[in-house]
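Undergrad: Got a structure for you, written out below as structure tokens; questions coming shortly.
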Amino acid sequence: MKTGVMKIRRQGRLKAKVEEVKENNSHYFESSSIIIINEDFLTTTKISAESVDLIVTSPPYNVDIHYNFYDDRITYDEYLQFSREWLRKAYSLLKDDGRMCLNIPLDKNKGGQQSVGADITTIAKEIGFKYHSTIIWNEGNISRRTAWGSFMSAAAPYVIAPVEIILVMYKQRWKKTSGSKISDITKTEFMTWTNGIWTFSGESKKKVGHPAPFPIELAKRCIKLFSFVGDTVLDPFMGSGTTLIAAHLHNRKGIGVDIDKTYCELALRRLQTEAKINHGVLSSLLSL
Ligand SMILES: C[S@@+](CC[C@H](N)C(=O)[O-])C[C@H]1O[C@@H](n2cnc3c(N)ncnc32)[C@H](O)[C@@H]1O
């Protein structure tokens, strides 16, 4: 049978299964290693408490990005309140030795200067998270320079660091005792990545078809450095499914939540093409 025809049949089967899952009012998609939940992370009840080994995520930045569904233009106070709510939920889902890698801006300069990284770190600590470290992501192709302030004058110049951060926190104890205890990181990766300045490009919005994707490299590094093979990795703001792709490619279980159905569809398509979730996996879909 021609590959094209097989692909269309496979997509047809996948679509039918997704419809069935929706009718059953359950996960948007579920295989033995991947779960996609099309719900608001704040209210979903589909993830068990204390079941997650590692969270890798990038929440909305509140910088007026045009998502289909989520309004990315709330006030800074509302944004911090939203951050408090989702961080509280995330905390409850982590195991005691669970960790979180949170990709956020260091500073915000659009609509007023704000210390986003510092403020979210403080909120996370108030909730109970313990601080481990901050990785600086030096994203070569970033463009944050919207204003110079007073150009070549000390009157009111603007300074902007063209980087983002990955805040590394944990729930109760840093030493990881649960899970397979199997690490798949190489010596070179370990030596390079434990230097907390990471330099690699951001992901193309156009290529991925999402307004704010992070690169697979970011998720891959976090997953290989901070989790064991077989662990459960959660992305509460899954977007185009980057974290799930990295999780699947590195033999971890992935759970992704997105409030927007079109992004859940996009994540599923990317999982098929980029993580080669194939018919074998699809046929092992659980009957829910
Ligand atoms: C910065 S993007 C994440 C992009 C992702 N890291 C990727 O590589 O594609 C944030 C995502 O959060 C989703 N979102 C916003 N509010 C949400 C909520 N309350 N629950 C679940 N998802 C939400 C948006 O639809 C958007 O896709």
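Ligands are numbered from 1 in the order shown, chains are lettered A, B, ... in the order of the structure tokens, and residues start at 1 in each chain.
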Taking only residues of chain A that have an atom at most 7 Å from an atom of ligand 1, what is each one's shortest atom pair and its distance in Å to one decimal, using only C-alpha atoms and all ligand atoms, in chain and number order, as a tab-separated table?

TA:
residue	atom	partner	partner_atom_place_in_ligand_line	distance
A:Glu39	CA	ligand 1	21 (C)	6.1
A:Asp40	CA	ligand 1	20 (N)	3.7
A:Phe41	CA	ligand 1	20 (N)	3.8
A:Leu42	CA	ligand 1	19 (N)	5.7
A:Thr57	CA	ligand 1	6 (N)	5.8
A:Ser58	CA	ligand 1	6 (N)	5.0
A:Pro59	CA	ligand 1	10 (C)	4.7
A:Pro60	CA	ligand 1	1 (C)	4.5
A:Tyr61	CA	ligand 1	1 (C)	6.6
A:Tyr67	CA	ligand 1	25 (O)	6.0
A:Asn68	CA	ligand 1	25 (O)	7.0
A:Phe69	CA	ligand 1	25 (O)	6.2
A:Tyr70	CA	ligand 1	15 (C)	5.1
A:His210	CA	ligand 1	9 (O)	6.2
A:Ala212	CA	ligand 1	1 (C)	4.9
A:Pro213	CA	ligand 1	8 (O)	3.4
A:Phe214	CA	ligand 1	8 (O)	4.1
A:Pro215	CA	ligand 1	8 (O)	6.4
A:Pro236	CA	ligand 1	21 (C)	5.9
A:Phe237	CA	ligand 1	12 (O)	3.9
A:Met238	CA	ligand 1	5 (C)	5.0
A:Gly239	CA	ligand 1	27 (O)	3.4
A:Ser240	CA	ligand 1	9 (O)	3.6
A:Gly241	CA	ligand 1	9 (O)	5.4
A:Thr242	CA	ligand 1	8 (O)	4.5
A:Thr243	CA	ligand 1	8 (O)	6.7
A:Val257	CA	ligand 1	21 (C)	5.4
A:Asp258	CA	ligand 1	22 (N)	3.6
A:Ile259	CA	ligand 1	22 (N)	4.1
A:Asp260	CA	ligand 1	25 (O)	5.0
A:Tyr263	CA	ligand 1	27 (O)	6.2

Undergrad: Where does DSSP see alpha helix (DSSP H) in segment 18-258 of chain A, if you list the residues as a ChimeraX atom specification?

TA: /A:18-23,76-93,116-127,187-193,205-208,216-226,242-249

Undergrad: How would the residues just chosen look if you wrote them out with C-alpha atoms as an mmCIF file, in the first residue's frame?

TA:
data_model
loop_
_atom_site.group_PDB
_atom_site.id
_atom_site.type_symbol
_atom_site.label_atom_id
_atom_site.label_comp_id
_atom_site.auth_asym_id
_atom_site.auth_seq_id
_atom_site.Cartn_x
_atom_site.Cartn_y
_atom_site.Cartn_z
ATOM 1 C CA VAL A 18 -9.873 11.641 19.456
ATOM 2 C CA GLU A 19 -13.627 12.055 18.790
ATOM 3 C CA GLU A 20 -14.323 8.962 20.908
ATOM 4 C CA VAL A 21 -12.188 10.327 23.718
ATOM 5 C CA LYS A 22 -14.045 13.655 23.557
ATOM 6 C CA GLU A 23 -17.409 11.925 23.627
ATOM 7 C CA TYR A 76 0.539 42.958 36.220
ATOM 8 C CA ASP A 77 -1.268 42.373 39.529
ATOM 9 C CA GLU A 78 -3.753 40.060 37.814
ATOM 10 C CA TYR A 79 -0.852 38.281 36.139
ATOM 11 C CA LEU A 80 0.852 37.676 39.479
ATOM 12 C CA GLN A 81 -2.436 36.414 40.924
ATOM 13 C CA PHE A 82 -2.823 34.007 37.971
ATOM 14 C CA SER A 83 0.800 32.885 38.556
ATOM 15 C CA ARG A 84 0.065 32.257 42.233
ATOM 16 C CA GLU A 85 -2.963 30.106 41.364
ATOM 17 C CA TRP A 86 -1.281 27.921 38.778
ATOM 18 C CA LEU A 87 1.894 27.536 40.854
ATOM 19 C CA ARG A 88 -0.196 26.359 43.808
ATOM 20 C CA LYS A 89 -1.856 23.740 41.604
ATOM 21 C CA ALA A 90 1.507 22.693 40.111
ATOM 22 C CA TYR A 91 2.943 22.279 43.609
ATOM 23 C CA SER A 92 0.131 19.929 44.616
ATOM 24 C CA LEU A 93 0.758 17.681 41.590
ATOM 25 C CA VAL A 116 8.991 39.123 36.441
ATOM 26 C CA GLY A 117 11.672 36.555 37.321
ATOM 27 C CA ALA A 118 12.168 37.909 40.837
ATOM 28 C CA ASP A 119 8.423 38.317 41.508
ATOM 29 C CA ILE A 120 7.522 34.793 40.366
ATOM 30 C CA THR A 121 10.422 33.322 42.355
ATOM 31 C CA THR A 122 9.072 35.064 45.479
ATOM 32 C CA ILE A 123 5.518 33.820 44.871
ATOM 33 C CA ALA A 124 6.713 30.250 44.256
ATOM 34 C CA LYS A 125 8.677 30.320 47.517
ATOM 35 C CA GLU A 126 5.616 31.652 49.396
ATOM 36 C CA ILE A 127 3.640 28.682 48.070
ATOM 37 C CA LYS A 187 29.320 13.209 30.079
ATOM 38 C CA THR A 188 29.609 16.107 27.614
ATOM 39 C CA GLU A 189 25.938 17.071 28.047
ATOM 40 C CA PHE A 190 26.292 17.002 31.833
ATOM 41 C CA MET A 191 29.466 19.082 31.827
ATOM 42 C CA THR A 192 28.013 21.618 29.381
ATOM 43 C CA TRP A 193 24.515 21.925 30.783
ATOM 44 C CA LYS A 205 6.684 30.683 15.470
ATOM 45 C CA LYS A 206 5.980 30.336 11.793
ATOM 46 C CA LYS A 207 7.582 26.911 11.470
ATOM 47 C CA VAL A 208 5.768 25.519 14.497
ATOM 48 C CA ILE A 216 12.941 21.231 21.825
ATOM 49 C CA GLU A 217 16.523 21.811 22.994
ATOM 50 C CA LEU A 218 15.244 23.638 26.093
ATOM 51 C CA ALA A 219 12.862 20.849 27.071
ATOM 52 C CA LYS A 220 15.419 18.144 26.215
ATOM 53 C CA ARG A 221 18.084 19.655 28.475
ATOM 54 C CA CYS A 222 15.687 20.047 31.406
ATOM 55 C CA ILE A 223 14.349 16.517 30.988
ATOM 56 C CA LYS A 224 17.733 14.769 30.659
ATOM 57 C CA LEU A 225 19.350 16.806 33.436
ATOM 58 C CA PHE A 226 16.549 16.698 36.005
ATOM 59 C CA THR A 242 7.341 20.781 22.624
ATOM 60 C CA THR A 243 7.801 19.306 26.121
ATOM 61 C CA LEU A 244 5.805 16.210 25.177
ATOM 62 C CA ILE A 245 7.909 15.649 22.065
ATOM 63 C CA ALA A 246 11.126 15.846 24.094
ATOM 64 C CA ALA A 247 9.634 13.589 26.785
ATOM 65 C CA HIS A 248 8.615 10.958 24.250
ATOM 66 C CA LEU A 249 11.949 11.081 22.380
#

Undergrad: Which of these, A:Ser153, A:Thr186, A:Ser51, A:Thr199, has the shortest distance to Asn138 of chain A once you count only C-alpha atoms?

TA: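 Closest to Asn138 of chain A of all the choices is A:Thr199.
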
Undergrad: Of the candidates A:Ala267, A:Gly111, A:Leu106, A:Thr45, which shows the shortest atom-to-atom distance to Arg73 of chain A, using only C-alpha atoms?

TA: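 Going through A:Ala267, A:Gly111, A:Leu106, A:Thr45 one by one, the smallest distance to Arg73 of chain A is for A:Gly111.
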
Undergrad: Skip Glu50 of chain A itself and residues of its chain fewer than 4 positions away, then list as a VMD selection string all residues within 12 Å of it, counting only C-alpha atoms.

TA: chain A and resid 54 to 55 89 to 99 171 to 172 178 232 234

Undergrad: Write to file, as a PDB file, in the first residue's frame, the residues of the selection just made, with C-alpha atoms.

TA:
ATOM      1  CA  LEU A  54       9.190  17.089  36.640  1.00  0.00           C
ATOM      2  CA  ILE A  55       7.333  20.129  35.349  1.00  0.00           C
ATOM      3  CA  LYS A  89      -1.856  23.740  41.604  1.00  0.00           C
ATOM      4  CA  ALA A  90       1.507  22.693  40.111  1.00  0.00           C
ATOM      5  CA  TYR A  91       2.943  22.279  43.609  1.00  0.00           C
ATOM      6  CA  SER A  92       0.131  19.929  44.616  1.00  0.00           C
ATOM      7  CA  LEU A  93       0.758  17.681  41.590  1.00  0.00           C
ATOM      8  CA  LEU A  94       4.494  17.211  42.193  1.00  0.00           C
ATOM      9  CA  LYS A  95       5.934  14.271  44.121  1.00  0.00           C
ATOM     10  CA  ASP A  96       7.931  15.207  47.237  1.00  0.00           C
ATOM     11  CA  ASP A  97      11.172  14.973  45.253  1.00  0.00           C
ATOM     12  CA  GLY A  98       9.532  16.553  42.185  1.00  0.00           C
ATOM     13  CA  ARG A  99      11.092  19.474  40.360  1.00  0.00           C
ATOM     14  CA  LYS A 171       8.971  20.567  46.228  1.00  0.00           C
ATOM     15  CA  GLN A 172      10.514  19.099  49.392  1.00  0.00           C
ATOM     16  CA  SER A 178      11.879   7.969  43.313  1.00  0.00           C
ATOM     17  CA  THR A 232       6.399  11.605  34.334  1.00  0.00           C
ATOM     18  CA  LEU A 234       4.100  17.621  32.956  1.00  0.00           C
TER      19      LEU A 234
END

Undergrad: To one decimal in Å, tell me the separation between atom CA of Lys46 of chain A and atom CA of Lys253 of chain A.

TA: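 That distance, rounded to one decimal, is 15.2 Å.
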
Undergrad: Going by DSSP on the backbone, which bits of segment 105-259 of chain A are strand (DSSP E)? Write them as a CSV table (one decimal) with C-alpha atoms, in the first residue's frame, please.

TA:
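Contents of the output file out.csv:
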chain,number,residue,atom,x,y,z
A,105,PRO,CA,11.3,36.4,31.2
A,130,LYS,CA,12.3,25.5,47.3
A,131,TYR,CA,14.8,27.4,45.2
A,132,HIS,CA,17.5,25.5,43.5
A,133,SER,CA,19.0,27.8,40.8
A,134,THR,CA,18.4,30.0,37.8
A,135,ILE,CA,19.6,29.1,34.3
A,136,ILE,CA,20.1,32.0,32.0
A,137,TRP,CA,18.9,31.3,28.5
A,138,ASN,CA,20.9,33.4,26.1
A,164,GLU,CA,15.1,34.6,29.4
A,165,ILE,CA,15.5,32.5,32.5
A,166,ILE,CA,14.7,28.9,33.5
A,167,LEU,CA,13.9,28.9,37.2
A,168,VAL,CA,14.7,25.6,38.8
A,169,MET,CA,12.7,24.8,41.9
A,170,TYR,CA,11.7,21.7,43.8
A,197,ILE,CA,24.3,29.9,30.9
A,198,TRP,CA,22.6,28.1,28.0
A,199,THR,CA,23.1,29.5,24.5
A,232,THR,CA,6.4,11.6,34.3
A,233,VAL,CA,6.9,15.1,32.9
A,234,LEU,CA,4.1,17.6,33.0
A,235,ASP,CA,3.7,20.8,30.9
A,253,LYS,CA,5.9,9.9,30.0
A,254,GLY,CA,4.4,13.2,29.0
A,255,ILE,CA,1.3,15.0,30.2
A,256,GLY,CA,0.3,18.3,28.5
A,257,VAL,CA,-2.5,20.7,29.3

Undergrad: A:His250, A:Arg269, A:His27, A:Lys276: which is nearest Ser183 of chain A, counting only C-alpha atoms?

TA: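 Ranking A:His250, A:Arg269, A:His27, A:Lys276 by distance to Ser183 of chain A, first place goes to A:His250.
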
Undergrad: Using atom CA of Ile34 of chain A and atom CA of Ile182 of chain A as the two end points, give the distance in Å to one decimal.

TA: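 Calculated distance between atom CA of Ile34 of chain A and atom CA of Ile182 of chain A is 19.9 Å.
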
Undergrad: Calculate how many Å separate atom CA of Gly230 of chain A from atom CA of Asp184 of chain A, rounding to one decimal.

TA: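 Between these atoms lies a distance of 10.7 Å.
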
Undergrad: Find, counting only C-alpha atoms, the residue in A:Cys264, A:Ile160, A:Gln272, A:Val229 that gets nearest to Ile35 of chain A.

TA: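 For Ile35 of chain A, the nearest of the candidates is A:Cys264.
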